[in-house]
Amino acid sequence: MSNVGIVIVSHSPLVAEGTADMVRQMVGDEVPLAWCGGNGHGGLGTSVEAIMGAIDKAWSEAGVAILVDLGGAETNSEMAVEMIGEPRAQKITVCNAPIVEGAVMAATESSGGASLKEVVATAHELSPS
Amino acid sequence: MTALNLAGLIAAAADTIAAHAEELTVLDQAIGDGDHGLNMKRGFEAVRAEAGVFAAKPLPEALKAIGTKLVMTVGGASGPLFGTLFMALGKEIAAEPDRADLTAAFGKAIEAVAARGKSQVGQKTMLDVLQPVHDALAGGKTAAEIADVADAAADATVPMKALRGRASFLGDRSIGHMDAGARSTALLVRTLGQAIGESA
């Protein structure tokens, strides 16, 4: 069974790595997981190239859910999905959810074999609307 | 515009961004994260480094490739926004565009940038320069007139309150500062307009 992959994208590599560490310790290893953070030049920010790499790393035929922090992370993630192109792009969703809670809850849902749609819905429930 | 010297345009754009990198960074430090000048410079230098490769392609392919390069190298939120502008322009434009075709393609490219940034005119972003430039282009203005429109539009972002991007976190404190993306857009409009005018 292939579980939905989780990608964590933060402006800070420390936040991204720490969030991924929480997911690993709380959910375990059966969920494909990758993180990226920072602008690639030592500063805060996000990089389309790094996000594409993280998607590759966490790739699952069941799909990939991306959790982001601030606005630029969302814009860059959407760009990365577009550049990855079809048919894979259809199986990738950028979630509107708080990054830490969203990543842990999405990964928990994924570890039970839920579909991408279910994983994303679980993350979205955390979003203040 | 058949004799468009793309390598020359790239060099002119990269020169302008390099010359104003410090100014763009200072603008961005006021209400953003202070890396706009450096980011834009890195992106346009990367495009300059491969100017020959881009110039050898048909115009639509060249613009798409330049946009992709900007996405990958500018970084921050500016990368996808400026990258999308060039990529969408390449997708819409004819190989040998006349003014009407350029205007129509530019209009579509602005829509793509607005969709990418989930933004609209009036929110203190590059769109506040792009839209008046499009209107001036459609209205038959000269390159010099369009450049003046772009500068005035960038100036007009000063009293605006930012509603998108990092500056929006500042709320009312974003008022009184020019948007860095609007300024870099105006700089590029003037430079490219001049270079196209000279080669036409």
# chains A, B, ... in the order shown; residues from 1 in each chain; ligands from 1
>>> interface_residues(of="chain A", to="chain B", cutoff="10 Å", atoms="only C-alpha atoms", output="PDB file with N, CA and C atoms, in the first residue's frame")
ATOM      1  N   HIS A  11       9.744  28.922   5.547  1.00  0.00           N
ATOM      2  CA  HIS A  11      10.780  29.910   5.251  1.00  0.00           C
ATOM      3  C   HIS A  11      12.061  29.597   6.027  1.00  0.00           C
ATOM      4  N   GLY A  38      14.280  27.724   3.697  1.00  0.00           N
ATOM      5  CA  GLY A  38      15.387  28.630   3.414  1.00  0.00           C
ATOM      6  C   GLY A  38      15.485  28.907   1.931  1.00  0.00           C
ATOM      7  N   ASN A  39      16.177  29.976   1.586  1.00  0.00           N
ATOM      8  CA  ASN A  39      16.218  30.414   0.187  1.00  0.00           C
ATOM      9  C   ASN A  39      17.380  29.819  -0.603  1.00  0.00           C
ATOM     10  N   GLY A  40      18.117  28.906  -0.011  1.00  0.00           N
ATOM     11  CA  GLY A  40      19.223  28.287  -0.736  1.00  0.00           C
ATOM     12  C   GLY A  40      20.495  29.115  -0.670  1.00  0.00           C
ATOM     13  N   HIS A  41      20.404  30.291  -0.056  1.00  0.00           N
ATOM     14  CA  HIS A  41      21.579  31.156   0.051  1.00  0.00           C
ATOM     15  C   HIS A  41      21.821  31.532   1.513  1.00  0.00           C
ATOM     16  N   GLY A  43      19.602  32.294   3.786  1.00  0.00           N
ATOM     17  CA  GLY A  43      18.624  33.184   4.399  1.00  0.00           C
ATOM     18  C   GLY A  43      17.259  32.544   4.520  1.00  0.00           C
ATOM     19  N   LEU A  44      16.345  33.267   5.162  1.00  0.00           N
ATOM     20  CA  LEU A  44      14.961  32.815   5.236  1.00  0.00           C
ATOM     21  C   LEU A  44      14.330  32.924   3.856  1.00  0.00           C
ATOM     22  N   GLY A  45      13.421  32.002   3.547  1.00  0.00           N
ATOM     23  CA  GLY A  45      12.737  32.060   2.262  1.00  0.00           C
ATOM     24  C   GLY A  45      12.415  30.674   1.776  1.00  0.00           C
ATOM     25  N   THR A  46      11.826  30.592   0.586  1.00  0.00           N
ATOM     26  CA  THR A  46      11.551  29.287   0.003  1.00  0.00           C
ATOM     27  C   THR A  46      12.011  29.290  -1.442  1.00  0.00           C
ATOM     28  N   SER A  47      12.353  28.108  -1.937  1.00  0.00           N
ATOM     29  CA  SER A  47      12.890  27.987  -3.283  1.00  0.00           C
ATOM     30  C   SER A  47      12.085  26.963  -4.071  1.00  0.00           C
ATOM     31  N   VAL A  48      11.650  27.367  -5.262  1.00  0.00           N
ATOM     32  CA  VAL A  48      10.858  26.473  -6.114  1.00  0.00           C
ATOM     33  C   VAL A  48      11.643  25.188  -6.397  1.00  0.00           C
ATOM     34  N   GLU A  49      12.918  25.348  -6.678  1.00  0.00           N
ATOM     35  CA  GLU A  49      13.759  24.195  -6.999  1.00  0.00           C
ATOM     36  C   GLU A  49      13.809  23.211  -5.819  1.00  0.00           C
ATOM     37  N   ALA A  50      13.984  23.750  -4.616  1.00  0.00           N
ATOM     38  CA  ALA A  50      14.053  22.889  -3.429  1.00  0.00           C
ATOM     39  C   ALA A  50      12.717  22.199  -3.183  1.00  0.00           C
ATOM     40  N   LEU A  70       4.212  30.725   5.514  1.00  0.00           N
ATOM     41  CA  LEU A  70       3.724  32.034   5.086  1.00  0.00           C
ATOM     42  C   LEU A  70       3.481  32.099   3.578  1.00  0.00           C
ATOM     43  N   GLY A  71       2.885  33.217   3.141  1.00  0.00           N
ATOM     44  CA  GLY A  71       2.452  33.417   1.761  1.00  0.00           C
ATOM     45  C   GLY A  71       3.416  32.981   0.665  1.00  0.00           C
ATOM     46  N   GLY A  72       4.688  33.389   0.791  1.00  0.00           N
ATOM     47  CA  GLY A  72       5.648  33.048  -0.259  1.00  0.00           C
ATOM     48  C   GLY A  72       5.838  31.544  -0.395  1.00  0.00           C
ATOM     49  N   ALA A  73       5.705  30.827   0.696  1.00  0.00           N
ATOM     50  CA  ALA A  73       5.836  29.367   0.654  1.00  0.00           C
ATOM     51  C   ALA A  73       4.698  28.771  -0.151  1.00  0.00           C
ATOM     52  N   GLU A  74       3.513  29.371  -0.027  1.00  0.00           N
ATOM     53  CA  GLU A  74       2.366  28.883  -0.789  1.00  0.00           C
ATOM     54  C   GLU A  74       2.549  29.189  -2.278  1.00  0.00           C
ATOM     55  N   THR A  75       2.926  30.442  -2.584  1.00  0.00           N
ATOM     56  CA  THR A  75       3.130  30.824  -3.986  1.00  0.00           C
ATOM     57  C   THR A  75       4.193  29.944  -4.637  1.00  0.00           C
ATOM     58  N   ASN A  76       5.303  29.768  -3.933  1.00  0.00           N
ATOM     59  CA  ASN A  76       6.389  28.959  -4.497  1.00  0.00           C
ATOM     60  C   ASN A  76       5.992  27.493  -4.639  1.00  0.00           C
ATOM     61  N   SER A  77       5.192  26.982  -3.706  1.00  0.00           N
ATOM     62  CA  SER A  77       4.755  25.588  -3.789  1.00  0.00           C
ATOM     63  C   SER A  77       3.822  25.394  -4.980  1.00  0.00           C
ATOM     64  N   GLU A  78       2.917  26.346  -5.180  1.00  0.00           N
ATOM     65  CA  GLU A  78       2.003  26.248  -6.325  1.00  0.00           C
ATOM     66  C   GLU A  78       2.780  26.296  -7.639  1.00  0.00           C
ATOM     67  N   MET A  79       3.813  27.154  -7.660  1.00  0.00           N
ATOM     68  CA  MET A  79       4.663  27.231  -8.857  1.00  0.00           C
ATOM     69  C   MET A  79       5.388  25.903  -9.085  1.00  0.00           C
ATOM     70  N   ALA A  80       5.888  25.311  -8.003  1.00  0.00           N
ATOM     71  CA  ALA A  80       6.621  24.044  -8.116  1.00  0.00           C
ATOM     72  C   ALA A  80       5.720  22.944  -8.663  1.00  0.00           C
ATOM     73  N   MET A  83       5.277  23.448 -12.319  1.00  0.00           N
ATOM     74  CA  MET A  83       6.463  23.122 -13.112  1.00  0.00           C
ATOM     75  C   MET A  83       6.719  21.619 -13.153  1.00  0.00           C
TER      76      MET A  83
END
>>> residues_around(residues="A:Thr93", least_positions_apart="4", cutoff="7 Å", atoms="only C-alpha atoms", output="list in words")
Val64, Ala65 and Ile66 of chain A
>>> write_last_selection(atoms="N, CA and C atoms", output="mmCIF file, in the first residue's frame")
data_model
loop_
_atom_site.group_PDB
_atom_site.id
_atom_site.type_symbol
_atom_site.label_atom_id
_atom_site.label_comp_id
_atom_site.auth_asym_id
_atom_site.auth_seq_id
_atom_site.Cartn_x
_atom_site.Cartn_y
_atom_site.Cartn_z
ATOM 1 N N VAL A 64 0.653 13.599 -2.967
ATOM 2 C CA VAL A 64 1.486 14.324 -2.007
ATOM 3 C C VAL A 64 0.712 15.531 -1.493
ATOM 4 N N ALA A 65 0.713 15.707 -0.180
ATOM 5 C CA ALA A 65 0.127 16.907 0.430
ATOM 6 C C ALA A 65 1.266 17.811 0.898
ATOM 7 N N ILE A 66 1.189 19.094 0.545
ATOM 8 C CA ILE A 66 2.232 20.050 0.934
ATOM 9 C C ILE A 66 1.697 20.973 2.020
#
>>> residues_around(residues="A:Pro98", least_positions_apart="4", cutoff="9 Å", atoms="only C-alpha atoms", output="PyMOL selection string")
chain A and resi 67-69+102-103+123-124+126-128
>>> atom_distance(atom1="atom CA of B:Thr185", atom2="atom CA of B:Ser168")
19.1 Å
>>> closest_residue(among="B:Ile110, B:Ala62, B:Val47, B:Ala143", to="B:Gly90", atoms="only C-alpha atoms")
B:Ala62
>>> select_by_dssp(residues="stretch 38-124 of chain B", states="helix (DSSP H, G or I)", output="PyMOL selection string")
chain B and resi 38-49+51-55+59-74+78-92+99-117
>>> write_last_selection(atoms="C-alpha atoms", output="compact mmCIF listing (two decimals), in the first residue's frame")
# COMPACT_ATOMS: atom_id res chain seq x y z
CA LEU B 38 19.79 40.94 -4.26
CA ASN B 39 17.22 38.39 -5.41
CA MET B 40 16.42 40.25 -8.63
CA LYS B 41 20.10 40.83 -9.34
CA ARG B 42 20.87 37.12 -8.91
CA GLY B 43 18.00 36.19 -11.24
CA PHE B 44 18.85 38.63 -14.00
CA GLU B 45 22.56 37.79 -13.84
CA ALA B 46 21.59 34.12 -14.30
CA VAL B 47 19.54 35.11 -17.34
CA ARG B 48 22.43 37.23 -18.66
CA ALA B 49 24.82 34.29 -18.30
CA ALA B 51 21.64 35.24 -23.00
CA GLY B 52 23.05 33.56 -26.10
CA VAL B 53 21.02 30.41 -25.48
CA PHE B 54 17.81 32.39 -25.00
CA ALA B 55 18.45 34.68 -27.98
CA LEU B 59 10.67 34.70 -29.06
CA PRO B 60 7.87 32.69 -27.34
CA GLU B 61 10.27 29.88 -26.37
CA ALA B 62 12.89 32.39 -25.25
CA LEU B 63 10.46 34.21 -22.97
CA LYS B 64 9.25 30.94 -21.43
CA ALA B 65 12.85 29.84 -20.80
CA ILE B 66 13.75 33.23 -19.28
CA GLY B 67 10.70 33.00 -17.01
CA THR B 68 11.68 29.52 -15.87
CA LYS B 69 15.22 30.71 -15.14
CA LEU B 70 13.86 33.63 -13.08
CA VAL B 71 11.61 31.29 -11.07
CA MET B 72 14.56 29.08 -10.25
CA THR B 73 17.07 31.81 -9.45
CA VAL B 74 15.31 34.92 -8.11
CA SER B 78 9.36 37.52 -6.52
CA GLY B 79 10.72 34.52 -8.45
CA PRO B 80 7.35 32.94 -9.24
CA LEU B 81 5.75 36.35 -9.86
CA PHE B 82 8.32 37.75 -12.30
CA GLY B 83 8.85 34.25 -13.71
CA THR B 84 5.14 33.84 -14.33
CA LEU B 85 5.04 37.22 -16.09
CA PHE B 86 7.68 36.12 -18.62
CA MET B 87 6.43 32.53 -18.94
CA ALA B 88 2.85 33.65 -19.60
CA LEU B 89 4.04 36.32 -22.02
CA GLY B 90 5.94 33.61 -23.92
CA LYS B 91 2.89 31.39 -23.96
CA GLU B 92 0.66 34.10 -25.42
CA ARG B 99 1.94 46.10 -31.06
CA ALA B 100 -1.59 44.71 -30.87
CA ASP B 101 -0.28 41.20 -30.30
CA LEU B 102 2.20 42.39 -27.66
CA THR B 103 -0.58 44.31 -25.89
CA ALA B 104 -2.93 41.31 -25.87
CA ALA B 105 -0.20 38.92 -24.69
CA PHE B 106 0.87 41.37 -21.99
CA GLY B 107 -2.74 41.56 -20.77
CA LYS B 108 -2.89 37.77 -20.45
CA ALA B 109 0.47 37.74 -18.67
CA ILE B 110 -0.83 40.25 -16.12
CA GLU B 111 -3.82 37.99 -15.47
CA ALA B 112 -1.41 35.10 -14.87
CA VAL B 113 0.60 37.16 -12.36
CA ALA B 114 -2.60 38.19 -10.56
CA ALA B 115 -3.68 34.54 -10.33
CA ARG B 116 -0.24 33.42 -9.13
CA GLY B 117 -0.13 36.05 -6.39
>>> select_by_dssp(residues="chain A", states="strand (DSSP E or B)", output="tab-separated table (two decimals) with N, CA, C and O atoms, in the first residue's frame")
chain	number	residue	atom	x	y	z
A	5	GLY	N	2.22	11.05	0.45
A	5	GLY	CA	3.44	11.69	0.92
A	5	GLY	C	3.16	13.05	1.52
A	5	GLY	O	2.18	13.71	1.16
A	6	ILE	N	4.01	13.47	2.44
A	6	ILE	CA	3.86	14.78	3.09
A	6	ILE	C	5.13	15.60	2.83
A	6	ILE	O	6.24	15.12	3.06
A	7	VAL	N	4.94	16.83	2.35
A	7	VAL	CA	6.06	17.75	2.15
A	7	VAL	C	5.85	18.98	3.03
A	7	VAL	O	4.75	19.54	3.05
A	8	ILE	N	6.88	19.35	3.77
A	8	ILE	CA	6.81	20.50	4.67
A	8	ILE	C	7.69	21.61	4.10
A	8	ILE	O	8.88	21.40	3.86
A	9	VAL	N	7.08	22.78	3.87
A	9	VAL	CA	7.81	23.91	3.28
A	9	VAL	C	7.71	25.12	4.22
A	9	VAL	O	6.63	25.67	4.40
A	10	SER	N	8.83	25.48	4.82
A	10	SER	CA	8.85	26.66	5.68
A	10	SER	C	9.90	27.65	5.19
A	10	SER	O	10.84	27.28	4.49
A	33	LEU	N	8.04	11.27	3.56
A	33	LEU	CA	8.11	12.61	4.16
A	33	LEU	C	9.35	13.34	3.66
A	33	LEU	O	10.43	12.76	3.57
A	34	ALA	N	9.18	14.60	3.33
A	34	ALA	CA	10.34	15.43	2.97
A	34	ALA	C	10.08	16.86	3.42
A	34	ALA	O	8.93	17.26	3.59
A	35	TRP	N	11.12	17.60	3.63
A	35	TRP	CA	10.98	19.00	4.05
A	35	TRP	C	12.00	19.85	3.31
A	35	TRP	O	13.04	19.36	2.85
A	36	CYS	N	11.71	21.14	3.21
A	36	CYS	CA	12.71	22.09	2.72
A	36	CYS	C	12.40	23.45	3.31
A	36	CYS	O	11.26	23.75	3.66
A	37	GLY	N	13.42	24.25	3.43
A	37	GLY	CA	13.24	25.58	4.00
A	37	GLY	C	14.47	26.43	3.74
A	37	GLY	O	15.56	25.91	3.54
A	64	VAL	N	0.65	13.60	-2.97
A	64	VAL	CA	1.49	14.32	-2.01
A	64	VAL	C	0.71	15.53	-1.49
A	64	VAL	O	0.10	16.27	-2.26
A	65	ALA	N	0.71	15.71	-0.18
A	65	ALA	CA	0.13	16.91	0.43
A	65	ALA	C	1.27	17.81	0.90
A	65	ALA	O	2.21	17.34	1.54
A	66	ILE	N	1.19	19.09	0.55
A	66	ILE	CA	2.23	20.05	0.93
A	66	ILE	C	1.70	20.97	2.02
A	66	ILE	O	0.62	21.56	1.87
A	67	LEU	N	2.44	21.09	3.10
A	67	LEU	CA	2.09	22.01	4.19
A	67	LEU	C	3.06	23.18	4.15
A	67	LEU	O	4.28	22.97	4.08
A	68	VAL	N	2.53	24.40	4.20
A	68	VAL	CA	3.37	25.61	4.04
A	68	VAL	C	3.17	26.56	5.21
A	68	VAL	O	2.15	26.49	5.91
A	92	ILE	N	-0.99	16.30	-6.46
A	92	ILE	CA	-0.32	17.11	-5.44
A	92	ILE	C	-1.24	18.24	-5.01
A	92	ILE	O	-1.80	18.93	-5.86
A	93	THR	N	-1.40	18.42	-3.70
A	93	THR	CA	-2.25	19.51	-3.20
A	93	THR	C	-1.49	20.34	-2.17
A	93	THR	O	-0.86	19.79	-1.26
A	94	VAL	N	-1.54	21.66	-2.34
A	94	VAL	CA	-1.00	22.57	-1.33
A	94	VAL	C	-2.11	22.84	-0.32
A	94	VAL	O	-3.19	23.32	-0.69
